[in-house]
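Asker: Got a structure for you, written out below as structure tokens; questions coming shortly.
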Amino acid sequence: SVAVISLSGVLMPGPVFAVTIACGFQDRRAGWKIALGHAVVEIPTIVAIFFGLSVFLKDDLIFGVIGLLGGGLLLYMGYDVVRTRKEVVASCDTKYKDPFWAGVMTTASNPGWLIWWATVGATLIATAGGFGWGMLPLFILVHITCDLLWEGFVAMTIFDTKGKWSTLWHQRVIAGSGLLMVVFAIMFILNALGELL
């Protein structure tokens with residue numbers, strides 16, 4: 001059940017998916033690096049939720065502030081991907097430095113990811129916790145493996161098919177990825193304002 005439900009979050013298009021497409025053009029292993037950066041933020045979050053953070057995250061004020069800050073950062077990142085699309089086609093080294101840091105930044109700035117963990121993820125963790133402490137490492141391993149497999153597949157597919165696309169198409173796909181990040185950012189900001197107001 002952890003694998004199946006984790007895939008519902010992993011397969012959902014979002015900022016990590018968008019940056020995997022962007023970085024996959026130049027680095028066949030970018031997806032794995034992004035997933036590892038994602039894991040650096042995700043593993044402490046899973047452990048914190050296991051020990052009760054989910055109660056704290058359900059406070060509307062706290063969630064609204066997180067949504068505004070994360071949405072604002074994501075908005076800037078999406079704009080930056082669109083603005084630097086020509087450079088991104090040449091190299092993933094934009095403001096994120098490399099795919100690993102792209103994974104860290106897109107995860108840390110994504111309120112939607114936090115919403116998933118505060119609701120669906122927290123329920124999964126509580127269920128796993130019912131089987132004892134030993135289930136927490138297994139839970140983390142299964143979930144992170146889903147991320148590694150999916151992001152790895154996306155980046156390798158982009159890298160292996162890029163020779164069939166023109167540079168203009170590369171730039172359009174990168175711009176589309178950035179615009180996807182902007183759309184998510186606007187949604188997060190509007191939801192946050194709704195919570196706060």
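Labels for the structure tokens follow display order: chains A, B, ..., residues from 1 in each chain, ligands from 1.
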Per residue of stretch 64-131 of chain A within 8 Å of stretch 167-183 of chain A, note the shortest atom pair and the distance in Å to one decimal, counting only C-alpha atoms, and order the rows by chain and increasing residue number, as JSON lines.
Answerer:
{"residue": "A:Leu74", "atom": "CA", "partner": "A:Met181", "partner_atom": "CA", "distance": 6.5}
{"residue": "A:Leu75", "atom": "CA", "partner": "A:Val182", "partner_atom": "CA", "distance": 4.9}
{"residue": "A:Tyr76", "atom": "CA", "partner": "A:Val182", "partner_atom": "CA", "distance": 7.9}
{"residue": "A:Met77", "atom": "CA", "partner": "A:Met181", "partner_atom": "CA", "distance": 7.5}
{"residue": "A:Gly78", "atom": "CA", "partner": "A:Gly178", "partner_atom": "CA", "distance": 4.2}
{"residue": "A:Tyr79", "atom": "CA", "partner": "A:Gly178", "partner_atom": "CA", "distance": 6.3}
{"residue": "A:Asp80", "atom": "CA", "partner": "A:Gly178", "partner_atom": "CA", "distance": 7.5}
{"residue": "A:Val81", "atom": "CA", "partner": "A:Gly178", "partner_atom": "CA", "distance": 5.0}
{"residue": "A:Val82", "atom": "CA", "partner": "A:Ala175", "partner_atom": "CA", "distance": 4.5}
{"residue": "A:Arg83", "atom": "CA", "partner": "A:Ala175", "partner_atom": "CA", "distance": 7.9}
{"residue": "A:Arg85", "atom": "CA", "partner": "A:Gln171", "partner_atom": "CA", "distance": 5.5}
{"residue": "A:Lys86", "atom": "CA", "partner": "A:Gln171", "partner_atom": "CA", "distance": 6.1}
{"residue": "A:Val88", "atom": "CA", "partner": "A:Ile174", "partner_atom": "CA", "distance": 7.5}
{"residue": "A:Val89", "atom": "CA", "partner": "A:His170", "partner_atom": "CA", "distance": 6.4}
Asker: Show which residues sit within 12 Å of stretch 114-131 of chain A, as a short mmCIF file (atom, residue, chain, number, x, y, z; two decimals) with all heavy atoms, in the first residue's frame. Count only C-alpha atoms, and ignore same-chain residues fewer than 4 positions away.
Answerer:
data_model
loop_
_atom_site.label_atom_id
_atom_site.label_comp_id
_atom_site.auth_asym_id
_atom_site.auth_seq_id
_atom_site.Cartn_x
_atom_site.Cartn_y
_atom_site.Cartn_z
N SER A 1 0.84 -1.22 0.00
CA SER A 1 0.00 0.00 0.00
C SER A 1 0.86 1.25 0.00
O SER A 1 0.52 2.25 -0.63
CB SER A 1 -0.96 0.01 1.19
OG SER A 1 -0.25 0.11 2.41
N VAL A 2 2.02 1.21 0.70
CA VAL A 2 2.93 2.37 0.70
C VAL A 2 3.41 2.66 -0.72
O VAL A 2 3.41 3.81 -1.17
CB VAL A 2 4.14 2.14 1.64
CG1 VAL A 2 5.18 3.23 1.47
CG2 VAL A 2 3.67 2.09 3.09
N ALA A 3 3.80 1.62 -1.45
CA ALA A 3 4.29 1.80 -2.82
C ALA A 3 3.21 2.37 -3.72
O ALA A 3 3.44 3.34 -4.45
CB ALA A 3 4.79 0.47 -3.38
N VAL A 4 2.00 1.81 -3.65
CA VAL A 4 0.91 2.25 -4.53
C VAL A 4 0.51 3.69 -4.22
O VAL A 4 0.38 4.53 -5.12
CB VAL A 4 -0.31 1.31 -4.40
CG1 VAL A 4 -1.51 1.88 -5.15
CG2 VAL A 4 0.04 -0.07 -4.94
N ILE A 5 0.32 4.01 -2.94
CA ILE A 5 -0.10 5.35 -2.57
C ILE A 5 1.03 6.35 -2.78
O ILE A 5 0.80 7.49 -3.19
CB ILE A 5 -0.64 5.39 -1.12
CG1 ILE A 5 -1.89 4.50 -1.03
CG2 ILE A 5 -0.97 6.81 -0.69
CD1 ILE A 5 -2.42 4.28 0.35
N SER A 6 2.27 5.95 -2.53
CA SER A 6 3.41 6.83 -2.79
C SER A 6 3.46 7.22 -4.26
O SER A 6 3.75 8.37 -4.60
CB SER A 6 4.72 6.15 -2.40
OG SER A 6 4.80 5.99 -1.01
N LEU A 7 3.17 6.26 -5.13
CA LEU A 7 3.19 6.55 -6.56
C LEU A 7 2.14 7.59 -6.94
O LEU A 7 2.32 8.33 -7.90
CB LEU A 7 3.00 5.27 -7.37
CG LEU A 7 4.23 4.37 -7.44
CD1 LEU A 7 3.88 3.02 -8.05
CD2 LEU A 7 5.35 5.03 -8.23
N SER A 8 1.05 7.68 -6.18
CA SER A 8 0.04 8.71 -6.46
C SER A 8 0.62 10.10 -6.29
O SER A 8 0.25 11.03 -7.01
CB SER A 8 -1.18 8.53 -5.55
OG SER A 8 -0.89 8.99 -4.22
N GLY A 9 1.54 10.25 -5.35
CA GLY A 9 2.21 11.53 -5.18
C GLY A 9 3.37 11.70 -6.14
O GLY A 9 3.59 12.76 -6.71
N VAL A 10 4.13 10.64 -6.34
CA VAL A 10 5.32 10.68 -7.19
C VAL A 10 4.96 10.97 -8.65
O VAL A 10 5.63 11.75 -9.32
CB VAL A 10 6.10 9.34 -7.10
CG1 VAL A 10 7.20 9.27 -8.12
CG2 VAL A 10 6.67 9.16 -5.69
N MET A 12 2.35 12.50 -9.82
CA MET A 12 1.62 13.74 -10.01
C MET A 12 2.57 14.83 -10.55
O MET A 12 3.60 15.08 -9.95
CB MET A 12 1.03 14.20 -8.67
CG MET A 12 0.02 15.32 -8.81
SD MET A 12 -0.60 15.83 -7.18
CE MET A 12 -1.00 14.26 -6.43
N VAL A 41 15.26 16.39 1.89
CA VAL A 41 14.20 17.16 2.55
C VAL A 41 13.11 16.22 3.07
O VAL A 41 12.56 16.42 4.15
CB VAL A 41 13.59 18.19 1.57
CG1 VAL A 41 12.49 19.00 2.24
CG2 VAL A 41 14.67 19.12 1.03
N GLU A 42 12.84 15.18 2.30
CA GLU A 42 11.70 14.31 2.60
C GLU A 42 11.92 13.40 3.81
O GLU A 42 11.00 13.23 4.63
CB GLU A 42 11.39 13.46 1.36
CG GLU A 42 10.06 12.76 1.45
CD GLU A 42 9.57 12.35 0.07
OE1 GLU A 42 10.29 11.64 -0.64
OE2 GLU A 42 8.44 12.75 -0.26
N ILE A 43 13.09 12.82 3.94
CA ILE A 43 13.32 11.87 5.05
C ILE A 43 13.14 12.54 6.42
O ILE A 43 12.41 12.00 7.27
CB ILE A 43 14.68 11.17 4.91
CG1 ILE A 43 14.65 10.23 3.69
CG2 ILE A 43 15.04 10.39 6.17
CD1 ILE A 43 16.00 9.63 3.31
N PRO A 44 13.74 13.71 6.67
CA PRO A 44 13.49 14.36 7.97
C PRO A 44 12.01 14.71 8.18
O PRO A 44 11.50 14.64 9.30
CB PRO A 44 14.34 15.63 7.92
CG PRO A 44 15.39 15.35 6.90
CD PRO A 44 14.75 14.44 5.89
N THR A 45 11.31 15.04 7.08
CA THR A 45 9.88 15.35 7.19
C THR A 45 9.09 14.11 7.59
O THR A 45 8.20 14.18 8.45
CB THR A 45 9.35 15.90 5.84
OG1 THR A 45 10.13 17.04 5.48
CG2 THR A 45 7.89 16.28 5.94
N ILE A 46 9.41 12.97 6.99
CA ILE A 46 8.73 11.71 7.33
C ILE A 46 8.96 11.38 8.82
O ILE A 46 8.02 11.05 9.54
CB ILE A 46 9.23 10.55 6.44
CG1 ILE A 46 8.79 10.77 5.00
CG2 ILE A 46 8.72 9.21 6.96
CD1 ILE A 46 9.43 9.80 4.00
N VAL A 47 10.20 11.51 9.26
CA VAL A 47 10.53 11.22 10.66
C VAL A 47 9.79 12.19 11.60
O VAL A 47 9.22 11.78 12.61
CB VAL A 47 12.06 11.27 10.90
CG1 VAL A 47 12.39 11.15 12.38
CG2 VAL A 47 12.75 10.17 10.10
N ALA A 48 9.78 13.48 11.22
CA ALA A 48 9.10 14.49 12.05
C ALA A 48 7.60 14.22 12.14
O ALA A 48 7.00 14.34 13.21
CB ALA A 48 9.35 15.88 11.49
N ILE A 49 6.98 13.83 11.02
CA ILE A 49 5.55 13.50 11.03
C ILE A 49 5.30 12.27 11.89
O ILE A 49 4.32 12.21 12.65
CB ILE A 49 5.02 13.32 9.59
CG1 ILE A 49 4.96 14.68 8.89
CG2 ILE A 49 3.65 12.65 9.58
CD1 ILE A 49 4.64 14.61 7.43
N PHE A 50 6.19 11.30 11.81
CA PHE A 50 6.08 10.10 12.65
C PHE A 50 6.04 10.48 14.13
O PHE A 50 5.33 9.87 14.92
CB PHE A 50 7.26 9.17 12.36
CG PHE A 50 7.21 7.87 13.12
CD1 PHE A 50 6.42 6.83 12.67
CD2 PHE A 50 7.96 7.68 14.27
CE1 PHE A 50 6.37 5.62 13.35
CE2 PHE A 50 7.92 6.48 14.97
CZ PHE A 50 7.12 5.45 14.50
N PHE A 51 6.79 11.54 14.49
CA PHE A 51 6.85 11.97 15.90
C PHE A 51 5.87 13.10 16.23
O PHE A 51 5.98 13.70 17.28
CB PHE A 51 8.28 12.36 16.27
CG PHE A 51 9.20 11.19 16.39
CD1 PHE A 51 10.17 10.94 15.43
CD2 PHE A 51 9.09 10.30 17.45
CE1 PHE A 51 11.01 9.85 15.53
CE2 PHE A 51 9.93 9.20 17.56
CZ PHE A 51 10.89 8.98 16.60
N GLY A 52 4.92 13.38 15.31
CA GLY A 52 3.84 14.31 15.66
C GLY A 52 3.78 15.63 14.95
O GLY A 52 2.93 16.47 15.27
N LEU A 53 4.63 15.89 13.96
CA LEU A 53 4.63 17.18 13.26
C LEU A 53 3.31 17.44 12.53
O LEU A 53 2.92 18.59 12.35
CB LEU A 53 5.78 17.24 12.26
CG LEU A 53 5.90 18.52 11.43
CD1 LEU A 53 6.27 19.70 12.32
CD2 LEU A 53 6.93 18.36 10.32
N SER A 54 2.61 16.37 12.12
CA SER A 54 1.39 16.56 11.34
C SER A 54 0.34 17.40 12.09
O SER A 54 -0.41 18.15 11.47
CB SER A 54 0.78 15.21 10.94
OG SER A 54 0.48 14.45 12.07
N VAL A 55 0.32 17.31 13.41
CA VAL A 55 -0.62 18.12 14.21
C VAL A 55 -0.29 19.61 14.05
O VAL A 55 -1.17 20.44 13.83
CB VAL A 55 -0.56 17.72 15.71
CG1 VAL A 55 -1.41 18.65 16.55
CG2 VAL A 55 -0.99 16.28 15.89
N PHE A 56 1.00 19.92 14.09
CA PHE A 56 1.48 21.29 13.93
C PHE A 56 1.14 21.83 12.54
O PHE A 56 0.73 22.97 12.39
CB PHE A 56 3.00 21.29 14.16
CG PHE A 56 3.68 22.61 13.93
CD1 PHE A 56 3.53 23.65 14.83
CD2 PHE A 56 4.49 22.79 12.82
CE1 PHE A 56 4.17 24.86 14.63
CE2 PHE A 56 5.13 24.00 12.61
CZ PHE A 56 4.97 25.04 13.52
N LEU A 57 1.26 20.99 11.52
CA LEU A 57 1.03 21.42 10.14
C LEU A 57 -0.45 21.67 9.84
O LEU A 57 -0.77 22.29 8.83
CB LEU A 57 1.57 20.36 9.17
CG LEU A 57 3.08 20.22 9.11
CD1 LEU A 57 3.47 19.08 8.18
CD2 LEU A 57 3.73 21.51 8.64
N LYS A 58 -1.34 21.19 10.69
CA LYS A 58 -2.77 21.38 10.42
C LYS A 58 -3.27 22.74 10.90
O LYS A 58 -4.42 23.08 10.68
CB LYS A 58 -3.56 20.24 11.04
CG LYS A 58 -3.35 18.96 10.25
CD LYS A 58 -4.02 17.77 10.86
CE LYS A 58 -3.69 16.53 10.03
NZ LYS A 58 -4.10 15.30 10.65
N ASP A 59 -2.42 23.55 11.53
CA ASP A 59 -2.78 24.90 11.93
C ASP A 59 -2.90 25.77 10.68
O ASP A 59 -1.96 25.89 9.91
CB ASP A 59 -1.71 25.46 12.88
CG ASP A 59 -2.07 26.83 13.40
OD1 ASP A 59 -2.06 27.79 12.60
OD2 ASP A 59 -2.36 26.96 14.60
N ASP A 60 -4.08 26.41 10.48
CA ASP A 60 -4.33 27.18 9.26
C ASP A 60 -3.35 28.33 9.07
O ASP A 60 -2.92 28.60 7.94
CB ASP A 60 -5.76 27.74 9.28
CG ASP A 60 -6.81 26.65 9.10
OD1 ASP A 60 -6.43 25.55 8.66
OD2 ASP A 60 -7.98 26.90 9.39
N ILE A 62 -0.20 28.65 10.23
CA ILE A 62 1.13 28.12 9.87
C ILE A 62 1.12 27.62 8.43
O ILE A 62 2.03 27.91 7.65
CB ILE A 62 1.54 26.99 10.84
CG1 ILE A 62 1.81 27.57 12.22
CG2 ILE A 62 2.76 26.23 10.32
CD1 ILE A 62 1.93 26.57 13.32
N PHE A 63 0.05 26.91 8.07
CA PHE A 63 -0.02 26.37 6.72
C PHE A 63 -0.13 27.49 5.69
O PHE A 63 0.45 27.40 4.60
CB PHE A 63 -1.19 25.41 6.61
CG PHE A 63 -0.89 24.27 5.71
CD1 PHE A 63 -0.10 23.22 6.16
CD2 PHE A 63 -1.33 24.25 4.40
CE1 PHE A 63 0.22 22.16 5.32
CE2 PHE A 63 -1.03 23.20 3.58
CZ PHE A 63 -0.25 22.15 4.04
N GLY A 64 -0.87 28.54 6.03
CA GLY A 64 -1.00 29.69 5.13
C GLY A 64 0.32 30.39 4.89
O GLY A 64 0.67 30.74 3.76
N ILE A 66 3.35 29.06 5.27
CA ILE A 66 4.19 28.14 4.49
C ILE A 66 3.80 28.21 3.01
O ILE A 66 4.65 28.25 2.12
CB ILE A 66 4.07 26.70 5.01
CG1 ILE A 66 4.74 26.57 6.38
CG2 ILE A 66 4.67 25.70 4.03
CD1 ILE A 66 4.47 25.26 7.08
N GLY A 67 2.49 28.25 2.74
CA GLY A 67 2.00 28.31 1.37
C GLY A 67 2.43 29.58 0.66
O GLY A 67 2.82 29.55 -0.51
N GLY A 70 6.46 29.43 0.30
CA GLY A 70 6.82 28.40 -0.68
C GLY A 70 6.32 28.76 -2.07
O GLY A 70 7.04 28.59 -3.06
N GLY A 71 5.09 29.25 -2.15
CA GLY A 71 4.53 29.65 -3.44
C GLY A 71 5.31 30.78 -4.08
O GLY A 71 5.56 30.78 -5.29
N THR A 106 13.32 22.53 -5.17
CA THR A 106 11.93 22.38 -5.61
C THR A 106 11.08 21.65 -4.57
O THR A 106 9.89 21.91 -4.46
CB THR A 106 11.84 21.64 -6.97
OG1 THR A 106 12.59 20.43 -6.90
CG2 THR A 106 12.34 22.50 -8.10
N THR A 107 11.69 20.78 -3.80
CA THR A 107 10.95 20.09 -2.74
C THR A 107 10.69 21.04 -1.57
O THR A 107 9.56 21.16 -1.10
CB THR A 107 11.74 18.87 -2.24
OG1 THR A 107 11.97 17.99 -3.33
CG2 THR A 107 10.98 18.13 -1.14
N ALA A 108 11.73 21.73 -1.13
CA ALA A 108 11.60 22.60 0.05
C ALA A 108 10.64 23.76 -0.20
O ALA A 108 10.03 24.27 0.75
CB ALA A 108 12.98 23.13 0.44
N SER A 109 10.49 24.18 -1.45
CA SER A 109 9.63 25.33 -1.75
C SER A 109 8.24 24.94 -2.21
O SER A 109 7.45 25.79 -2.61
CB SER A 109 10.30 26.20 -2.83
OG SER A 109 10.36 25.48 -4.04
N ASN A 110 7.91 23.66 -2.14
CA ASN A 110 6.65 23.17 -2.69
C ASN A 110 5.61 22.90 -1.59
O ASN A 110 5.62 21.84 -0.97
CB ASN A 110 6.92 21.88 -3.48
CG ASN A 110 5.67 21.33 -4.13
OD1 ASN A 110 4.59 21.87 -4.00
ND2 ASN A 110 5.83 20.24 -4.84
N MET A 135 9.01 -0.44 11.19
CA MET A 135 8.38 -0.15 9.90
C MET A 135 8.81 1.20 9.34
O MET A 135 8.71 1.41 8.13
CB MET A 135 6.84 -0.17 10.04
CG MET A 135 6.26 -1.54 10.21
SD MET A 135 6.67 -2.67 8.85
CE MET A 135 5.78 -1.92 7.51
N LEU A 136 9.29 2.12 10.18
CA LEU A 136 9.65 3.46 9.69
C LEU A 136 10.77 3.41 8.65
O LEU A 136 10.62 3.98 7.56
CB LEU A 136 10.02 4.39 10.85
CG LEU A 136 10.29 5.85 10.47
CD1 LEU A 136 9.07 6.48 9.81
CD2 LEU A 136 10.70 6.65 11.70
N PRO A 137 11.90 2.71 8.90
CA PRO A 137 12.95 2.63 7.86
C PRO A 137 12.45 1.94 6.59
O PRO A 137 12.81 2.36 5.49
CB PRO A 137 14.06 1.81 8.53
CG PRO A 137 13.79 1.87 9.98
CD PRO A 137 12.32 2.06 10.15
N LEU A 138 11.63 0.91 6.74
CA LEU A 138 11.10 0.21 5.57
C LEU A 138 10.18 1.14 4.78
O LEU A 138 10.23 1.18 3.54
CB LEU A 138 10.35 -1.05 6.00
CG LEU A 138 9.78 -1.91 4.87
CD1 LEU A 138 10.88 -2.39 3.93
CD2 LEU A 138 9.02 -3.10 5.45
N PHE A 139 9.35 1.88 5.49
CA PHE A 139 8.45 2.86 4.86
C PHE A 139 9.26 3.87 4.05
O PHE A 139 8.94 4.15 2.89
CB PHE A 139 7.65 3.58 5.95
CG PHE A 139 6.77 4.68 5.44
CD1 PHE A 139 5.44 4.42 5.11
CD2 PHE A 139 7.25 5.97 5.27
CE1 PHE A 139 4.62 5.43 4.63
CE2 PHE A 139 6.44 6.98 4.79
CZ PHE A 139 5.12 6.71 4.46
N ILE A 140 10.31 4.42 4.66
CA ILE A 140 11.15 5.41 3.99
C ILE A 140 11.80 4.80 2.75
O ILE A 140 11.81 5.41 1.67
CB ILE A 140 12.22 5.98 4.96
CG1 ILE A 140 11.53 6.86 6.02
CG2 ILE A 140 13.28 6.77 4.21
CD1 ILE A 140 12.43 7.26 7.17
N VAL A 142 10.85 2.25 0.86
CA VAL A 142 9.89 2.00 -0.21
C VAL A 142 9.50 3.32 -0.89
O VAL A 142 9.48 3.42 -2.13
CB VAL A 142 8.63 1.28 0.32
CG1 VAL A 142 7.52 1.24 -0.73
CG2 VAL A 142 8.99 -0.13 0.77
N HIS A 143 9.23 4.34 -0.09
CA HIS A 143 8.80 5.62 -0.67
C HIS A 143 9.91 6.26 -1.50
O HIS A 143 9.66 6.72 -2.62
CB HIS A 143 8.34 6.58 0.44
CG HIS A 143 7.82 7.85 -0.13
ND1 HIS A 143 6.54 7.97 -0.63
CD2 HIS A 143 8.41 9.05 -0.33
CE1 HIS A 143 6.36 9.19 -1.10
NE2 HIS A 143 7.49 9.87 -0.93
N PHE A 188 -0.77 27.59 -5.10
CA PHE A 188 -0.39 27.53 -3.69
C PHE A 188 -0.61 28.88 -3.01
O PHE A 188 -1.07 28.94 -1.87
CB PHE A 188 1.08 27.12 -3.56
CG PHE A 188 1.36 25.73 -4.06
CD1 PHE A 188 2.57 25.43 -4.67
CD2 PHE A 188 0.43 24.71 -3.93
CE1 PHE A 188 2.84 24.15 -5.13
CE2 PHE A 188 0.69 23.42 -4.39
CZ PHE A 188 1.90 23.14 -5.00
N ASN A 191 -4.36 29.45 -2.50
CA ASN A 191 -4.84 28.60 -1.40
C ASN A 191 -4.40 29.14 -0.05
O ASN A 191 -5.14 29.13 0.92
CB ASN A 191 -4.35 27.16 -1.57
CG ASN A 191 -5.10 26.43 -2.68
OD1 ASN A 191 -6.19 26.80 -3.05
ND2 ASN A 191 -4.49 25.38 -3.20
N ALA A 192 -3.14 29.61 0.00
CA ALA A 192 -2.59 30.15 1.25
C ALA A 192 -3.36 31.40 1.67
O ALA A 192 -3.69 31.58 2.84
CB ALA A 192 -1.11 30.46 1.08
#
Asker: Residues of chain A in helix (DSSP H, G or I) according to DSSP, as a ChimeraX atom specification?
Answerer: /A:2-10,15-24,30-50,53-57,60-83,85-90,99-108,111-129,135-164,167-196
Asker: Please report, as JSON lines, each residue of stretch 23-75 of chain A lying at most 6 Å from stretch 97-101 of chain A, together with the nearest pair of atoms and the separation in Å rounded to one decimal; use only C-alpha atoms, and order rows by chain and ascending residue number.
Answerer:
{"residue": "A:Ala30", "atom": "CA", "partner": "A:Pro99", "partner_atom": "CA", "distance": 5.6}
{"residue": "A:Lys33", "atom": "CA", "partner": "A:Phe100", "partner_atom": "CA", "distance": 4.7}
{"residue": "A:Ile34", "atom": "CA", "partner": "A:Phe100", "partner_atom": "CA", "distance": 4.7}
{"residue": "A:Gly37", "atom": "CA", "partner": "A:Phe100", "partner_atom": "CA", "distance": 4.7}
Asker: Could you tell me how far atom CA of A:Ile186 lies from atom CA of A:Cys146, in Å and to one decimal?
Answerer: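 Result for atom CA of A:Ile186 versus atom CA of A:Cys146: 27.3 Å, one decimal.
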Asker: Do you know which residues are at most 6 Å from stretch 20-23 of chain A counting only C-alpha atoms, after dropping those on the same chain fewer than 2 positions away, and could you put them as an NGL selection string?
Answerer: :A and (17-18 or 25 or 30-31 or 92 or 155 or 174)
